[in-house]
Amino acid sequence: MFGAGAAGACGEALQGATRTIEGKGYVVAFKTVPDPIAVGEHFALDFAVCPRAKGEAPRSVRVDAGMPEHRHGMNYRPVVTRRSTGAYRADGLMFHMPGRWDLVFDVVGDGGTERLTGTMRIE
Amino acid sequence: MRRLVPALVALLAVGAAAQTTGVLPFSISEVARILAHGPWPPLPRKDPSNRVSGNAAAIAFGATLFGDPRLSVNGAIACATCHRADRALADGLPRAQGLARVDRNTPTVADAHLQRWFGWDGAGDSLWAQSLRPIVDPREMGSDLAHIAATVRGNADLLRGYRDAFGAPPAADDEAVAVDVAKALAAFQETLTTGRTPFDDFRDALARGDQATAARYPLAAQRGLALFIGKGQCNVCHIGPRFSNGEFHDIGIPFFAGPGRVDPGRFDGVRRLEASRYNLLGPFNDDPTRGTATGTRHVASEHRNFGEFKVPSLRNVARTAPYMHNGSLATLRDVVRHYSEIDEDRLHADGERILKPLRLSAAESDDLVAFLESLDEGGP
């Protein structure tokens, strides 16, 4: 689930981050570009991935999204690029229906992959 | 959302007064969903992938070409043969008839310029690329690049139109000339925007809290609208001012195209898009930033795309019968019945789970049809 606001070190690592997702080993802070997004329009995500105390830096990150109630994903495959240490952009997302979308970050570290999932609603 | 708040506050008053003014008491949430289907028409916007988009001379040249059968191999078929002005820029046939009968219904080109993907399977990612496809399809106009270029070079009226549109005579490269012809056709089609409808007047009246004007919208259409955004959830896919999310879905229409043949729909559309030399990632996109190619760059090919077809716009839908990708449903009432009684066994086994039989009553079906008929620039 999303953390309470964009507070915390990871939120501060990404200027303008509007949401955070807290996992066991990592915290993700992100914002959509543009903000807000519209149904059926492409958007990007700027995000930061922060290891928790004594955690390891991620080796790579994948981003995806889907509508669990409808049992489908996006019709587009985002591409993630690293912009600086711990900061990334995912391009090519689109939510093509209104409703609840699960946004998924798969953070790959030396110890395996951790999945962080947050929920977004778009009307 | 913030900009809608004043309108929504005004609408509460509309709802409270509904029973005496002839406006149904739509909730704030319902009003927000209604407002999402406008405003109309959209602001004019040039296509950066087409250097003659919005160019008056190119629009005039494209209008000439649209009605000109000389582009076809037999000199008898024009774009306007299937996209007829007296048929809302469709043809009224179940399946298009060019040099041969094709497997799909002719979609209208009205408002086509507002789409992301073109054709029932979205194999085209620009209006100009889509405009070239039927000219060279052997079942439709049966032409080729050399014939298109020779026709322009060899006819004084077309040569003049080309020069006016592009500022230079046609190049020696047949392919470049043929793509330019397609871009002039696209420039013309960008002008084919449908007019305002009774729904638009209702929607805008709701937005400004104008009870008197909103009350002129027939109650049957209002009840149908309530079904459309409520029980029917039609607006999950038919969303936005065009009443389409521009994407692809399996709605249980059989995709057998004939004995031993199937129409793979979007599955094949993505394959053809990616293989096309005329897609927006290719050399003919006039947008040097390739900012227009985001969808093409990121489109995903999934097994579930098999049998998916594009969600059509519903503007002027009462004029574009028959319906569905294969023209298999003759009337709007048939379409409503399809969704009311949809056979879930016909949906892709590993596809999305959105559709359920709506089980509409006869009165509800009438209301939904009344709403669809109100999306018409001529009335009711």
# chains A, B, ... in the order shown; residues from 1 in each chain; ligands from 1

call {"tool": "closest_atom_pairs", "arguments": {"of": "chain A", "to": "chain B", "cutoff": "9 Å", "atoms": "only C-alpha atoms", "output": "Markdown table"}}
result
| residue | atom | partner | partner_atom | distance |
| --- | --- | --- | --- | --- |
| A:Pro36 | CA | B:Met1 | CA | 8.9 |
| A:Val39 | CA | B:Asn245 | CA | 7.6 |
| A:Gly40 | CA | B:Asn245 | CA | 5.7 |
| A:His42 | CA | B:Gly295 | CA | 7.7 |
| A:Glu69 | CA | B:Arg353 | CA | 7.7 |
| A:His70 | CA | B:Arg353 | CA | 4.8 |
| A:Arg71 | CA | B:Glu352 | CA | 5.0 |
| A:His72 | CA | B:Glu352 | CA | 5.1 |
| A:Gly73 | CA | B:Glu352 | CA | 8.7 |
| A:Met74 | CA | B:Ala300 | CA | 8.2 |
| A:Asn75 | CA | B:Ala300 | CA | 5.5 |
| A:Tyr76 | CA | B:Val299 | CA | 4.4 |
| A:Arg77 | CA | B:His298 | CA | 5.1 |
| A:Pro78 | CA | B:His298 | CA | 6.3 |
| A:Val79 | CA | B:His298 | CA | 7.7 |
| A:Asp91 | CA | B:His298 | CA | 8.3 |
| A:Gly92 | CA | B:His298 | CA | 5.6 |
| A:Leu93 | CA | B:His298 | CA | 8.1 |
| A:His96 | CA | B:Asn245 | CA | 6.2 |
| A:Met97 | CA | B:Val236 | CA | 5.7 |
| A:Pro98 | CA | B:Val236 | CA | 6.1 |
| A:Gly99 | CA | B:Val236 | CA | 8.2 |
| A:Glu123 | CA | B:Arg33 | CA | 7.7 |

call {"tool": "residues_around", "arguments": {"residues": "stretch 187-199 of chain B", "least_positions_apart": "5", "cutoff": "8 Å", "atoms": "only C-alpha atoms", "output": "PyMOL selection string"}}
result
chain B and resi 40-41+52-55+58-63+109-113+217+315-316+374-380

call {"tool": "closest_residue", "arguments": {"among": "A:Arg83, A:Arg19, A:Arg62, A:Arg121", "to": "A:Phe95", "atoms": "only C-alpha atoms"}}
result
A:Arg121

call {"tool": "closest_residue", "arguments": {"among": "B:Ala363, B:Val336, B:Ala207, B:Ala165", "to": "B:His37", "atoms": "only C-alpha atoms"}}
result
B:Ala207

call {"tool": "closest_atom_pairs", "arguments": {"of": "stretch 9-104 of chain B", "to": "stretch 130-152 of chain B", "cutoff": "10 Å", "atoms": "only C-alpha atoms", "output": "Markdown table"}}
result
| residue | atom | partner | partner_atom | distance |
| --- | --- | --- | --- | --- |
| B:Leu65 | CA | B:Val152 | CA | 9.7 |
| B:Phe66 | CA | B:Ser131 | CA | 9.6 |
| B:Pro69 | CA | B:Met141 | CA | 8.6 |
| B:Arg70 | CA | B:Thr151 | CA | 6.9 |
| B:Leu71 | CA | B:Ile148 | CA | 5.7 |
| B:Ser72 | CA | B:Met141 | CA | 4.6 |
| B:Val73 | CA | B:Ser143 | CA | 4.6 |
| B:Asn74 | CA | B:Met141 | CA | 7.9 |
| B:Gly75 | CA | B:Met141 | CA | 8.7 |
| B:Ala76 | CA | B:Met141 | CA | 8.5 |
| B:Ile77 | CA | B:Met141 | CA | 6.0 |
| B:Ala78 | CA | B:Met141 | CA | 7.3 |
| B:Cys79 | CA | B:Ile135 | CA | 7.9 |
| B:Thr81 | CA | B:Met141 | CA | 9.9 |
| B:Cys82 | CA | B:Glu140 | CA | 9.4 |
| B:Ala96 | CA | B:Glu140 | CA | 8.4 |
| B:Gln97 | CA | B:Glu140 | CA | 7.1 |
| B:Gly98 | CA | B:Glu140 | CA | 4.2 |
| B:Leu99 | CA | B:Arg139 | CA | 5.1 |
| B:Ala100 | CA | B:Arg139 | CA | 4.8 |
| B:Arg101 | CA | B:Arg139 | CA | 6.8 |
| B:Val102 | CA | B:Arg139 | CA | 6.6 |
| B:Asp103 | CA | B:Arg139 | CA | 10.0 |

call {"tool": "residues_around", "arguments": {"residues": "B:Val335", "least_positions_apart": "6", "cutoff": "9 Å", "atoms": "only C-alpha atoms", "output": "PDB file with C-alpha atoms, in the first residue's frame"}}
result
ATOM      1  CA  TYR B 323     -22.446  -2.627 -36.640  1.00  0.00           C
ATOM      2  CA  MET B 324     -19.421  -4.503 -35.309  1.00  0.00           C
ATOM      3  CA  LEU B 329     -25.588  -6.620 -36.264  1.00  0.00           C
TER       4      LEU B 329
END

call {"tool": "atom_distance", "arguments": {"atom1": "atom CA of A:Asp64", "atom2": "atom CA of B:Leu280"}}
result
23.9 Å

call {"tool": "atom_distance", "arguments": {"atom1": "atom CA of B:Leu368", "atom2": "atom CA of B:Val23"}}
result
16.4 Å

call {"tool": "residues_around", "arguments": {"residues": "A:Gly23", "least_positions_apart": "4", "cutoff": "12 Å", "atoms": "only C-alpha atoms", "output": "PyMOL selection string"}}
result
chain A and resi 1-3+27-29+49-52+55+104-107+113-118

call {"tool": "select_by_dssp", "arguments": {"residues": "stretch 149-214 of chain B", "states": "helix (DSSP H, G or I)", "output": "JSON, numbers by chain"}}
result
{"B": [149, 150, 151, 152, 153, 154, 156, 157, 158, 159, 160, 161, 162, 163, 164, 165, 166, 174, 175, 176, 177, 178, 179, 180, 181, 182, 183, 184, 185, 186, 187, 188, 189, 198, 199, 200, 201, 202, 203, 204, 205, 206, 207, 208, 211, 212, 213, 214]}

call {"tool": "residues_around", "arguments": {"residues": "B:Glu274", "least_positions_apart": "2", "cutoff": "10 Å", "atoms": "only C-alpha atoms", "output": "list in words"}}
result
Ala123, Gly124, Asp125, Asp268, Gly269, Val270, Arg271, Arg272, Ser276, Arg277, Tyr278, Asn279, Leu280, Leu281, Gly282, Thr296, Arg297, Val299 and Ser301 of chain B

call {"tool": "atom_distance", "arguments": {"atom1": "atom CA of B:Phe284", "atom2": "atom CA of B:Leu127"}}
result
12.7 Å
